[in-house]
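Colleague: Got a file for you: model-v8.cif, mmCIF, C-alpha atoms.
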data_my_file
#
loop_
_atom_site.label_atom_id
_atom_site.label_comp_id
_atom_site.auth_asym_id
_atom_site.auth_seq_id
_atom_site.Cartn_x
_atom_site.Cartn_y
_atom_site.Cartn_z
CA MET A 138 0.29 -23.72 -28.12
CA THR A 139 -1.20 -21.35 -25.55
CA THR A 140 0.89 -18.55 -24.08
CA LYS A 141 1.00 -18.31 -20.31
CA THR A 142 -0.56 -15.13 -18.92
CA THR A 143 1.92 -13.02 -16.99
CA SER A 144 1.03 -11.40 -13.68
CA LEU A 145 1.21 -7.95 -15.26
CA GLU A 146 -1.12 -8.98 -18.08
CA ARG A 147 -3.54 -10.45 -15.54
CA VAL A 148 -3.56 -7.24 -13.52
CA LEU A 149 -3.94 -4.97 -16.56
CA THR A 150 -6.91 -7.00 -17.76
CA THR A 151 -8.74 -6.72 -14.46
CA LEU A 152 -7.91 -3.01 -14.24
CA GLY A 153 -9.81 -2.60 -17.49
CA PHE A 154 -12.90 -4.11 -15.80
CA LYS A 155 -12.53 -7.28 -17.82
CA GLU A 156 -12.11 -10.84 -16.62
CA PRO A 157 -8.56 -12.24 -16.89
CA ASP A 158 -7.68 -15.92 -16.54
CA ARG A 159 -7.69 -15.62 -12.73
CA VAL A 160 -8.23 -13.14 -9.93
CA PRO A 161 -4.88 -11.39 -9.32
CA LEU A 162 -3.37 -12.07 -5.89
CA PHE A 163 -1.45 -9.33 -4.09
CA LEU A 164 0.00 -10.73 -0.87
CA LEU A 165 1.51 -7.52 0.45
CA LEU A 166 4.31 -9.08 2.44
CA SER A 167 7.17 -6.98 3.75
CA MET A 168 8.52 -8.51 6.97
CA HIS A 169 7.98 -12.14 5.89
CA GLY A 170 11.08 -11.84 3.74
CA ALA A 171 13.10 -11.77 6.96
CA LYS A 172 11.66 -15.16 7.87
CA GLU A 173 12.61 -16.57 4.50
CA LEU A 174 16.22 -15.47 4.98
CA ASP A 175 16.30 -16.35 8.70
CA LEU A 176 17.17 -12.76 9.62
CA SER A 177 15.90 -10.33 12.20
CA ILE A 178 13.62 -7.64 10.80
CA GLU A 179 16.28 -5.00 11.45
CA ASP A 180 19.00 -7.00 9.67
CA TYR A 181 16.67 -7.80 6.81
CA PHE A 182 15.97 -4.15 6.03
CA SER A 183 19.62 -3.17 6.43
CA LYS A 184 20.46 -4.19 2.85
CA ALA A 185 18.60 -3.80 -0.41
CA GLU A 186 19.86 -7.22 -1.52
CA ASN A 187 18.05 -8.88 1.40
CA VAL A 188 14.72 -7.37 0.36
CA VAL A 189 15.30 -8.38 -3.26
CA GLU A 190 15.96 -11.99 -2.31
CA GLY A 191 13.06 -12.01 0.15
CA GLN A 192 10.58 -10.67 -2.39
CA LEU A 193 11.68 -13.12 -5.06
CA ARG A 194 11.36 -16.06 -2.68
CA LEU A 195 7.94 -14.94 -1.45
CA ARG A 196 6.62 -14.52 -4.98
CA LYS A 197 7.80 -17.98 -5.99
CA LYS A 198 6.51 -19.60 -2.81
CA TYR A 199 3.01 -18.13 -2.87
CA ARG A 200 2.61 -17.57 -6.63
CA ASN A 201 2.05 -13.91 -5.89
CA ASP A 202 1.10 -11.48 -8.66
CA CYS A 203 3.18 -8.54 -7.44
CA ILE A 204 6.52 -7.49 -6.04
CA TYR A 205 6.24 -5.14 -3.06
CA THR A 206 9.16 -2.78 -2.45
CA PHE A 207 7.68 -1.32 0.73
CA PHE A 208 10.21 -1.46 3.57
CA TYR A 209 8.36 0.27 6.44
CA ALA A 210 6.22 3.38 6.84
CA SER A 211 8.66 5.25 9.08
CA ILE A 212 11.45 5.12 6.48
CA GLU A 213 10.25 8.45 5.10
CA VAL A 214 10.46 10.11 8.52
CA GLU A 215 13.83 8.40 9.02
CA ALA A 216 14.99 10.20 5.87
CA MET A 217 13.88 13.45 7.51
CA GLY A 218 16.04 12.78 10.57
CA GLY A 219 13.62 10.74 12.65
CA GLU A 220 14.28 7.69 14.80
CA VAL A 221 13.15 4.20 13.81
CA ILE A 222 12.25 1.69 16.53
CA TYR A 223 12.66 -1.98 15.62
CA THR A 224 10.86 -4.90 17.22
CA SER A 225 11.34 -8.60 16.77
CA ASP A 226 7.89 -9.38 15.38
CA GLY A 227 6.36 -6.22 13.97
CA PRO A 228 6.98 -3.35 11.57
CA PRO A 229 9.65 -0.78 12.37
CA ASN A 230 7.90 2.23 13.85
CA ALA A 231 8.60 5.95 14.10
CA GLY A 232 10.13 7.09 17.36
CA LYS A 233 9.94 10.52 18.97
CA PRO A 234 8.23 13.09 16.70
CA ILE A 235 10.73 15.15 14.73
CA ILE A 236 8.54 18.24 15.17
CA GLU A 237 8.18 18.87 18.90
CA ASN A 238 6.95 22.45 18.54
CA ARG A 239 4.75 23.52 15.64
CA LYS A 240 6.83 26.68 15.25
CA GLN A 241 9.59 24.43 13.87
CA ILE A 242 7.48 24.06 10.72
CA GLU A 243 8.38 27.63 9.73
CA SER A 244 12.02 26.62 9.15
CA ILE A 245 11.54 23.13 7.67
CA THR A 246 12.76 22.51 4.12
CA SER A 247 12.29 19.53 1.82
CA ILE A 248 14.95 16.82 1.95
CA SER A 249 17.13 15.53 -0.87
CA ILE A 250 16.19 11.99 -1.84
CA LYS A 251 19.52 11.33 -3.55
CA ASP A 252 21.35 12.13 -0.29
CA SER A 253 19.22 9.79 1.85
CA SER A 254 20.86 6.41 2.48
CA CYS A 255 17.64 4.75 3.67
CA LEU A 256 15.60 5.87 0.66
CA ASN A 257 18.38 4.87 -1.69
CA LYS A 258 18.16 1.32 -0.32
CA VAL A 259 14.57 1.22 -1.54
CA LEU A 260 15.56 2.58 -4.94
CA LYS A 261 18.38 0.07 -5.23
CA ALA A 262 16.04 -2.80 -4.34
CA THR A 263 13.55 -1.54 -6.92
CA LYS A 264 16.17 -1.43 -9.66
CA LEU A 265 17.50 -4.89 -8.83
CA LEU A 266 14.00 -6.37 -8.77
CA LYS A 267 13.16 -4.75 -12.10
CA ASP A 268 16.25 -6.39 -13.56
CA LYS A 269 15.04 -9.75 -12.22
CA VAL A 270 11.35 -9.71 -13.19
CA GLY A 271 11.29 -7.34 -16.14
CA ASN A 272 7.79 -6.61 -17.35
CA ASP A 273 6.24 -9.88 -16.21
CA VAL A 274 5.33 -8.75 -12.69
CA PRO A 275 4.05 -5.40 -11.42
CA ILE A 276 6.41 -3.80 -8.91
CA ILE A 277 4.50 -1.78 -6.32
CA GLY A 278 6.26 1.14 -4.67
CA VAL A 279 4.88 3.12 -1.74
CA ALA A 280 4.63 6.80 -0.84
CA MET A 281 2.97 8.22 2.23
CA SER A 282 0.36 10.89 1.58
CA PRO A 283 1.41 14.47 2.42
CA PHE A 284 -1.78 14.59 4.47
CA SER A 285 -1.07 11.44 6.50
CA ILE A 286 2.69 11.49 7.13
CA PRO A 287 2.40 14.36 9.70
CA VAL A 288 1.07 11.78 12.19
CA MET A 289 4.66 10.48 12.34
CA GLN A 290 6.20 13.95 12.14
CA LEU A 291 4.22 15.51 15.02
CA GLY A 292 2.33 12.73 16.75
CA PHE A 293 -1.36 12.06 16.22
CA SER A 294 -3.01 14.49 18.63
CA SER A 295 -0.60 17.34 17.85
CA TYR A 296 -1.29 16.93 14.15
CA ILE A 297 -5.06 16.96 14.58
CA ASP A 298 -4.72 20.11 16.68
CA LEU A 299 -2.59 21.71 13.98
CA MET A 300 -5.11 20.77 11.29
CA TYR A 301 -7.91 22.59 13.10
CA ASP A 302 -6.04 25.39 14.89
CA ASP A 303 -3.38 26.76 12.56
CA PRO A 304 -4.18 26.69 8.83
CA ILE A 305 -1.07 28.69 7.91
CA LEU A 306 1.41 26.27 9.46
CA PHE A 307 -0.74 23.32 8.38
CA ASN A 308 -0.53 24.42 4.74
CA LYS A 309 3.20 25.09 5.07
CA LEU A 310 3.83 21.54 6.29
CA ILE A 311 1.57 20.04 3.65
CA SER A 312 3.39 21.96 0.91
CA ILE A 313 6.76 20.60 2.04
CA ASN A 314 5.40 17.08 2.31
CA GLU A 315 3.72 17.30 -1.08
CA THR A 316 6.99 18.21 -2.78
CA PHE A 317 8.70 15.30 -1.05
CA CYS A 318 5.90 12.82 -1.83
CA VAL A 319 5.90 13.62 -5.54
CA GLU A 320 9.69 13.44 -5.82
CA TRP A 321 9.80 10.20 -3.84
CA ALA A 322 7.04 8.52 -5.84
CA ASN A 323 8.57 9.54 -9.16
CA ALA A 324 12.04 8.40 -8.07
CA GLN A 325 10.61 4.93 -7.43
CA LEU A 326 8.90 4.90 -10.81
CA GLU A 327 12.16 5.90 -12.48
CA ALA A 328 13.93 3.08 -10.63
CA GLY A 329 11.51 0.52 -12.08
CA ALA A 330 8.31 0.54 -10.03
CA THR A 331 5.19 -0.12 -12.09
CA ALA A 332 2.81 1.77 -9.83
CA ILE A 333 2.73 3.67 -6.54
CA CYS A 334 0.58 2.86 -3.54
CA TYR A 335 -0.42 6.21 -2.03
CA PHE A 336 -1.15 5.52 1.62
CA ASP A 337 -3.61 8.02 3.07
CA PRO A 338 -5.38 6.66 6.17
CA ILE A 339 -6.07 10.11 7.64
CA SER A 340 -8.41 10.83 4.73
CA SER A 341 -10.66 7.91 5.62
CA SER A 342 -14.00 8.51 7.32
CA THR A 343 -12.67 6.34 10.14
CA ILE A 344 -10.38 9.23 11.09
CA ILE A 345 -11.83 12.59 10.05
CA PRO A 346 -15.31 13.89 9.17
CA ARG A 347 -16.30 14.12 5.53
CA ASP A 348 -16.42 17.92 5.48
CA LYS A 349 -12.88 18.16 6.82
CA PHE A 350 -11.68 15.61 4.26
CA LEU A 351 -13.20 17.67 1.45
CA GLU A 352 -11.18 20.75 2.39
CA THR A 353 -7.94 18.91 3.21
CA GLY A 354 -7.13 15.34 2.16
CA TYR A 355 -9.30 15.44 -0.95
CA GLU A 356 -7.73 18.55 -2.45
CA ILE A 357 -4.23 17.54 -1.33
CA GLY A 358 -4.65 14.07 -2.82
CA LYS A 359 -5.95 15.29 -6.17
CA ARG A 360 -3.08 17.74 -6.46
CA THR A 361 -0.42 15.24 -5.44
CA ILE A 362 -1.61 12.24 -7.46
CA ALA A 363 -1.81 14.41 -10.59
CA GLN A 364 1.96 15.00 -10.31
CA ILE A 365 2.91 11.31 -9.99
CA ASN A 366 4.18 9.99 -13.33
CA GLY A 367 2.54 6.58 -13.22
CA PRO A 368 -0.48 4.59 -12.05
CA VAL A 369 -1.53 5.14 -8.43
CA ALA A 370 -3.39 2.95 -5.94
CA LEU A 371 -5.08 5.01 -3.23
CA HIS A 372 -5.02 3.07 0.04
CA LEU A 373 -6.80 4.11 3.24
CA ALA A 374 -4.95 1.45 5.26
CA SER A 375 -8.10 -0.30 6.57
CA GLY A 376 -10.09 2.94 6.91
CA ILE A 377 -13.64 3.01 5.55
CA SER A 378 -14.40 4.66 2.22
CA LEU A 379 -18.11 4.62 1.36
CA PRO A 380 -19.01 7.98 2.98
CA ILE A 381 -16.52 9.66 0.61
CA ALA A 382 -16.84 7.26 -2.32
CA ASP A 383 -17.63 9.83 -5.00
CA GLU A 384 -14.67 11.97 -4.04
CA LEU A 385 -12.25 9.04 -3.90
CA THR A 386 -13.11 8.05 -7.46
CA ASN A 387 -12.26 11.59 -8.58
CA MET A 388 -8.79 11.77 -7.03
CA GLY A 389 -6.99 10.29 -10.03
CA ALA A 390 -6.16 6.81 -8.72
CA ALA A 391 -6.78 3.59 -10.65
CA VAL A 392 -7.12 1.34 -7.59
CA LEU A 393 -8.63 1.75 -4.12
CA GLY A 394 -7.55 -0.33 -1.12
CA VAL A 395 -10.75 -1.15 0.77
CA SER A 396 -11.53 -2.08 4.37
CA CYS A 397 -12.79 -5.31 5.87
CA ASP A 398 -15.12 -3.09 7.95
CA GLU A 399 -17.27 -2.55 4.85
CA ASP A 400 -19.17 -5.17 2.86
CA LEU A 401 -17.23 -6.12 -0.25
CA GLY A 402 -20.41 -6.65 -2.25
CA LYS A 403 -21.57 -3.09 -1.52
CA LEU A 404 -18.12 -1.76 -2.38
CA LYS A 405 -18.17 -3.61 -5.69
CA ASN A 406 -21.58 -2.22 -6.59
CA LYS A 407 -20.56 1.31 -5.69
CA TYR A 408 -17.17 1.41 -7.38
CA TYR A 409 -17.48 -0.87 -10.42
CA ASN A 410 -16.40 0.81 -13.65
CA LYS A 411 -15.15 3.79 -11.60
CA ILE A 412 -12.16 2.48 -9.65
CA ASN A 413 -10.69 -0.98 -9.12
CA LEU A 414 -10.81 -2.63 -5.71
CA LEU A 415 -7.88 -4.05 -3.75
CA GLY A 416 -8.72 -6.01 -0.63
CA ASN A 417 -10.21 -6.80 1.74
CA LEU A 418 -9.03 -9.75 3.87
CA ASN A 419 -8.70 -8.91 7.57
CA GLY A 420 -4.98 -9.10 8.34
CA ILE A 421 -5.47 -8.96 12.10
CA GLU A 422 -7.92 -11.88 12.13
CA MET A 423 -5.70 -13.65 9.62
CA ARG A 424 -3.21 -14.30 12.42
CA ARG A 425 -5.74 -16.70 13.98
CA TRP A 426 -7.27 -18.27 10.88
CA THR A 427 -7.23 -21.97 10.26
CA VAL A 428 -6.55 -23.25 6.75
CA ASN A 429 -10.28 -23.85 6.27
CA GLU A 430 -11.15 -20.35 7.45
CA ALA A 431 -8.61 -18.87 5.04
CA GLU A 432 -10.18 -20.73 2.12
CA SER A 433 -13.67 -19.70 3.20
CA LYS A 434 -12.72 -16.01 3.44
CA VAL A 435 -11.08 -16.09 0.01
CA LYS A 436 -14.12 -17.77 -1.55
CA GLU A 437 -16.43 -15.19 0.00
CA ALA A 438 -14.34 -12.28 -1.32
CA ILE A 439 -14.12 -13.77 -4.81
CA LYS A 440 -17.87 -14.43 -4.93
CA LYS A 441 -18.69 -10.84 -3.98
CA ALA A 442 -16.10 -8.88 -5.94
CA ALA A 443 -14.47 -10.92 -8.71
CA PRO A 444 -17.19 -11.17 -11.41
CA GLY A 445 -16.63 -8.65 -14.18
CA GLY A 446 -13.02 -7.94 -13.22
CA GLY A 447 -11.97 -4.78 -11.41
CA PHE A 448 -10.79 -6.73 -8.35
CA ILE A 449 -7.44 -7.73 -6.88
CA LEU A 450 -7.49 -9.98 -3.82
CA SER A 451 -5.32 -8.68 -1.00
CA ASP A 452 -5.40 -7.81 2.68
CA ASN A 453 -7.24 -4.71 3.81
CA HIS A 454 -4.38 -2.77 5.38
CA GLY A 455 -1.52 -2.90 2.90
CA GLU A 456 0.82 -4.97 5.06
CA ILE A 457 0.24 -8.51 6.30
CA PRO A 458 1.26 -8.94 9.97
CA TYR A 459 4.46 -10.81 10.74
CA GLN A 460 2.50 -13.29 12.88
CA VAL A 461 0.46 -14.65 9.96
CA THR A 462 1.77 -18.16 9.37
CA ASP A 463 3.12 -19.66 6.18
CA GLU A 464 0.34 -22.23 6.42
CA VAL A 465 -2.37 -19.57 6.25
CA LEU A 466 -0.63 -17.65 3.48
CA MET A 467 -0.30 -20.82 1.45
CA ALA A 468 -3.98 -21.59 2.04
CA ILE A 469 -4.92 -18.14 0.72
CA SER A 470 -2.80 -18.66 -2.37
CA LYS A 471 -4.20 -22.13 -3.05
CA ALA A 472 -7.76 -20.88 -2.61
CA VAL A 473 -7.25 -18.07 -5.12
CA HIS A 474 -5.80 -20.45 -7.67
CA LYS A 475 -8.61 -22.95 -7.06
CA TRP A 476 -11.66 -20.68 -6.83
CA GLY A 477 -10.50 -17.53 -8.60
CA THR A 478 -10.35 -18.91 -12.13
CA TYR A 479 -12.66 -17.16 -14.58
CA PRO A 480 -15.50 -17.60 -15.23
CA ILE A 481 -16.22 -17.57 -11.50
CA SER A 482 -18.35 -20.60 -10.67
CA LEU A 483 -18.94 -20.18 -6.93
#
Show me this structure written as structure tokens.

Modeller:
Amino acid sequence: MTTKTTSLERVLTTLGFKEPDRVPLFLLLSMHGAKELDLSIEDYFSKAENVVEGQLRLRKKYRNDCIYTFFYASIEVEAMGGEVIYTSDGPPNAGKPIIENRKQIESITSISIKDSSCLNKVLKATKLLKDKVGNDVPIIGVAMSPFSIPVMQLGFSSYIDLMYDDPILFNKLISINETFCVEWANAQLEAGATAICYFDPISSSTIIPRDKFLETGYEIGKRTIAQINGPVALHLASGISLPIADELTNMGAAVLGVSCDEDLGKLKNKYYNKINLLGNLNGIEMRRWTVNEAESKVKEAIKKAAPGGGFILSDNHGEIPYQVTDEVLMAISKAVHKWGTYPISL
């Protein structure tokens, strides 16, 4: 009698650059849980129990290989005293920057995670989900990079100005954020998360030049990831990676979230046996895909990146838009289960 491969076993095999029974599927769905429970996005994220039920239903429905405890990016700034703006069909966003004048950075101190009600909802959901799925399914927590979260703290242009104009205050803010990021990531691991997705879009070559990345995001990322007590996936949130490929593989992460703006075949050739790939379906285009287009895109990704392991099929941004239909998501899942069985025969 054969033993059924668990999702965690499947993922661990591919992370070892070996071929499991099937390509792992990570549908990184956050807001779709609200649809499953017939709740508004704001009501859905108001209780940890809602997210637990939503994630369990989504996993069963789409035969997903992970649980995703990501609520919304601005939850970390919310914990720091920031405003969260809810919409009916999109992710909750950060409101007015909490740092209106860069001189405020001089008096900022790190926050207490245990005293934050919004962060404790995430930890509660993580614990409850761990109780439900045990060691069968990887639970993916999320922490924003100390280098990228200032976009929500100051606003984009103000942060870029700070990065170039005031190294003293820049380093002060990064130090505070680094302490928070490490504590937040490790708190999620202690609550039951299997791994942490370290979102760092500002480090991508889409945003800043390579030389600036080398003196900022690269060093910050290496230092921060080294302090996280579990496996880390480095995600550039749809930003391109090839111009800084060698550095990314040296930052200490096991997985790299890759962009649909780069050829998956080239990415596979560059990164194989160095870092595992997660991606790279275009979530924005996915909103308009037909069922046939969804299957075609999945087949193309599997053909280019699945042979030899080291590949998890997912979207390219780390969060599938609310507007992507159940029909398309189901088509993606069916295509992976049909065409992603090893040995790949496309």

Colleague: Using only C-alpha atoms, which residue out of A:Thr150, A:Ser177, A:Ser253, A:Asn187 lies closest to Thr224 of chain A?

Modeller: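 Closest residue, counting only C-alpha atoms: A:Ser177.
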
Colleague: Give me, as CSV, the closest atom pair and its distance (Å, one decimal) for every residue of segment 325-408 of chain A within a cut-off of 7 Å of segment 432-455 of chain A, counting all atoms listed in the file, rows sorted by chain and rising number.

Modeller:
residue,atom,partner,partner_atom,distance
A:Ala374,CA,A:His454,CA,4.3
A:Ser375,CA,A:His454,CA,4.6
A:Gly394,CA,A:Asn453,CA,6.6
A:Val395,CA,A:Asn453,CA,5.9
A:Ser396,CA,A:Asn453,CA,5.1
A:Cys397,CA,A:Asn453,CA,6.0
A:Leu401,CA,A:Lys441,CA,6.2
A:Gly402,CA,A:Lys441,CA,4.8
A:Lys405,CA,A:Ala442,CA,5.7

Colleague: Tell me which of A:Leu299, A:Ile276, A:Leu291, A:Ile311 sits closest to Ala231 of chain A, counting only C-alpha atoms.

Modeller: A:Leu291

Colleague: Please list as a PyMOL selection string every residue within 12 Å of segment 363-369 of chain A, counting only C-alpha atoms and excluding residues in the same chain fewer than 2 positions away.

Modeller: chain A and resi 149+152+275-282+315-327+329-336+356-361+371-372+386-394+412-413

Colleague: Just how far from atom CA of Ala431 of chain A is atom CA of Phe182 of chain A, in Å to one decimal?

Modeller: 28.7 Å

Colleague: In Å, with one decimal, what is the gap from atom CA of Val428 of chain A to atom CA of Asp463 of chain A?

Modeller: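 Rounded to one decimal, the two atoms are 10.3 Å apart.
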
Colleague: A:Pro380, A:Gly153, A:Pro161, A:Pro229: which is nearest Val274 of chain A, counting only C-alpha atoms?

Modeller: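 Using only C-alpha atoms, the shortest distance to Val274 of chain A belongs to A:Pro161.
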
Colleague: Applied to the shown file, which residues does the PyMOL selection byres ((chain A and resi 184) around 12) return, written as a PyMOL selection string?

Modeller: chain A and resi 171+176+178-183+185-191+208+254-262

Colleague: Which residue is closest to Thr151 of chain A? Choose from A:Leu165, A:Leu483, A:Leu266, A:Leu415 and count only C-alpha atoms.

Modeller: A:Leu415

Colleague: Quick one: everything within 7 Å of Gly170 of chain A, counting all atoms listed in the file, minus sequence neighbours fewer than 2 positions away in the same chain. Send it as JSON, numbers by chain.

Modeller: {"A": [167, 168, 172, 173, 174, 188, 191, 192, 195]}

Colleague: Hey, can you spit out that residue selection with C-alpha atoms as a PDB file, in the coordinates of the input?

Modeller:
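Generated output (part.pdb):
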ATOM      1  CA  SER A 167       7.170  -6.980   3.750  1.00  0.00           C
ATOM      2  CA  MET A 168       8.520  -8.510   6.970  1.00  0.00           C
ATOM      3  CA  LYS A 172      11.660 -15.160   7.870  1.00  0.00           C
ATOM      4  CA  GLU A 173      12.610 -16.570   4.500  1.00  0.00           C
ATOM      5  CA  LEU A 174      16.220 -15.470   4.980  1.00  0.00           C
ATOM      6  CA  VAL A 188      14.720  -7.370   0.360  1.00  0.00           C
ATOM      7  CA  GLY A 191      13.060 -12.010   0.150  1.00  0.00           C
ATOM      8  CA  GLN A 192      10.580 -10.670  -2.390  1.00  0.00           C
ATOM      9  CA  LEU A 195       7.940 -14.940  -1.450  1.00  0.00           C
TER      10      LEU A 195
END

Colleague: I need the residue nearest Thr142 of chain A from this list: A:Arg425, A:Lys240, A:Arg159, A:Lys349. Use only C-alpha atoms for the distance.

Modeller: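 Of all the options, A:Arg159 lies closest to Thr142 of chain A.
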
Colleague: Missing atoms in segment 390-414 of chain A should be modelled up to N, CA and C atoms and reported as a CSV table (one decimal), in the frame of the given file.

Modeller:
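File rebuild-v6.csv, as written:
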chain,number,residue,atom,x,y,z
A,390,ALA,N,-6.7,8.1,-8.9
A,390,ALA,CA,-6.2,6.8,-8.7
A,390,ALA,C,-6.9,5.8,-9.6
A,391,ALA,N,-6.2,4.7,-9.9
A,391,ALA,CA,-6.8,3.6,-10.6
A,391,ALA,C,-7.3,2.5,-9.7
A,392,VAL,N,-6.8,2.4,-8.5
A,392,VAL,CA,-7.1,1.3,-7.6
A,392,VAL,C,-7.4,1.9,-6.2
A,393,LEU,N,-8.3,1.3,-5.5
A,393,LEU,CA,-8.6,1.8,-4.1
A,393,LEU,C,-8.5,0.6,-3.2
A,394,GLY,N,-7.7,0.7,-2.2
A,394,GLY,CA,-7.6,-0.3,-1.1
A,394,GLY,C,-8.7,-0.2,-0.1
A,395,VAL,N,-9.5,-1.3,0.0
A,395,VAL,CA,-10.8,-1.2,0.8
A,395,VAL,C,-10.7,-2.0,2.1
A,396,SER,N,-11.6,-1.6,3.0
A,396,SER,CA,-11.5,-2.1,4.4
A,396,SER,C,-12.4,-3.3,4.6
A,397,CYS,N,-12.0,-4.2,5.5
A,397,CYS,CA,-12.8,-5.3,5.9
A,397,CYS,C,-14.0,-4.9,6.7
A,398,ASP,N,-14.0,-3.6,7.2
A,398,ASP,CA,-15.1,-3.1,8.0
A,398,ASP,C,-16.3,-2.7,7.1
A,399,GLU,N,-16.2,-2.8,5.8
A,399,GLU,CA,-17.3,-2.6,4.8
A,399,GLU,C,-17.5,-3.8,4.0
A,400,ASP,N,-18.8,-4.0,3.6
A,400,ASP,CA,-19.2,-5.2,2.9
A,400,ASP,C,-18.6,-5.1,1.4
A,401,LEU,N,-17.9,-6.1,1.0
A,401,LEU,CA,-17.2,-6.1,-0.2
A,401,LEU,C,-18.2,-6.1,-1.4
A,402,GLY,N,-19.4,-6.7,-1.2
A,402,GLY,CA,-20.4,-6.6,-2.2
A,402,GLY,C,-20.9,-5.2,-2.5
A,403,LYS,N,-21.1,-4.5,-1.4
A,403,LYS,CA,-21.6,-3.1,-1.5
A,403,LYS,C,-20.5,-2.2,-2.2
A,404,LEU,N,-19.2,-2.5,-1.8
A,404,LEU,CA,-18.1,-1.8,-2.4
A,404,LEU,C,-18.0,-2.0,-3.9
A,405,LYS,N,-18.2,-3.3,-4.3
A,405,LYS,CA,-18.2,-3.6,-5.7
A,405,LYS,C,-19.3,-2.9,-6.5
A,406,ASN,N,-20.5,-2.9,-5.9
A,406,ASN,CA,-21.6,-2.2,-6.6
A,406,ASN,C,-21.4,-0.7,-6.7
A,407,LYS,N,-20.8,-0.1,-5.7
A,407,LYS,CA,-20.6,1.3,-5.7
A,407,LYS,C,-19.4,1.7,-6.6
A,408,TYR,N,-18.4,1.0,-6.7
A,408,TYR,CA,-17.2,1.4,-7.4
A,408,TYR,C,-17.0,0.8,-8.8
A,409,TYR,N,-17.8,-0.2,-9.2
A,409,TYR,CA,-17.5,-0.9,-10.4
A,409,TYR,C,-17.5,0.1,-11.6
A,410,ASN,N,-16.6,0.0,-12.5
A,410,ASN,CA,-16.4,0.8,-13.6
A,410,ASN,C,-16.0,2.2,-13.3
A,411,LYS,N,-15.6,2.5,-12.0
A,411,LYS,CA,-15.2,3.8,-11.6
A,411,LYS,C,-13.7,3.7,-11.1
A,412,ILE,N,-13.5,2.7,-10.2
A,412,ILE,CA,-12.2,2.5,-9.6
A,412,ILE,C,-12.1,1.0,-9.2
A,413,ASN,N,-10.9,0.4,-9.4
A,413,ASN,CA,-10.7,-1.0,-9.1
A,413,ASN,C,-10.5,-1.2,-7.6
A,414,LEU,N,-10.9,-2.3,-7.1
A,414,LEU,CA,-10.8,-2.6,-5.7
A,414,LEU,C,-9.6,-3.5,-5.4
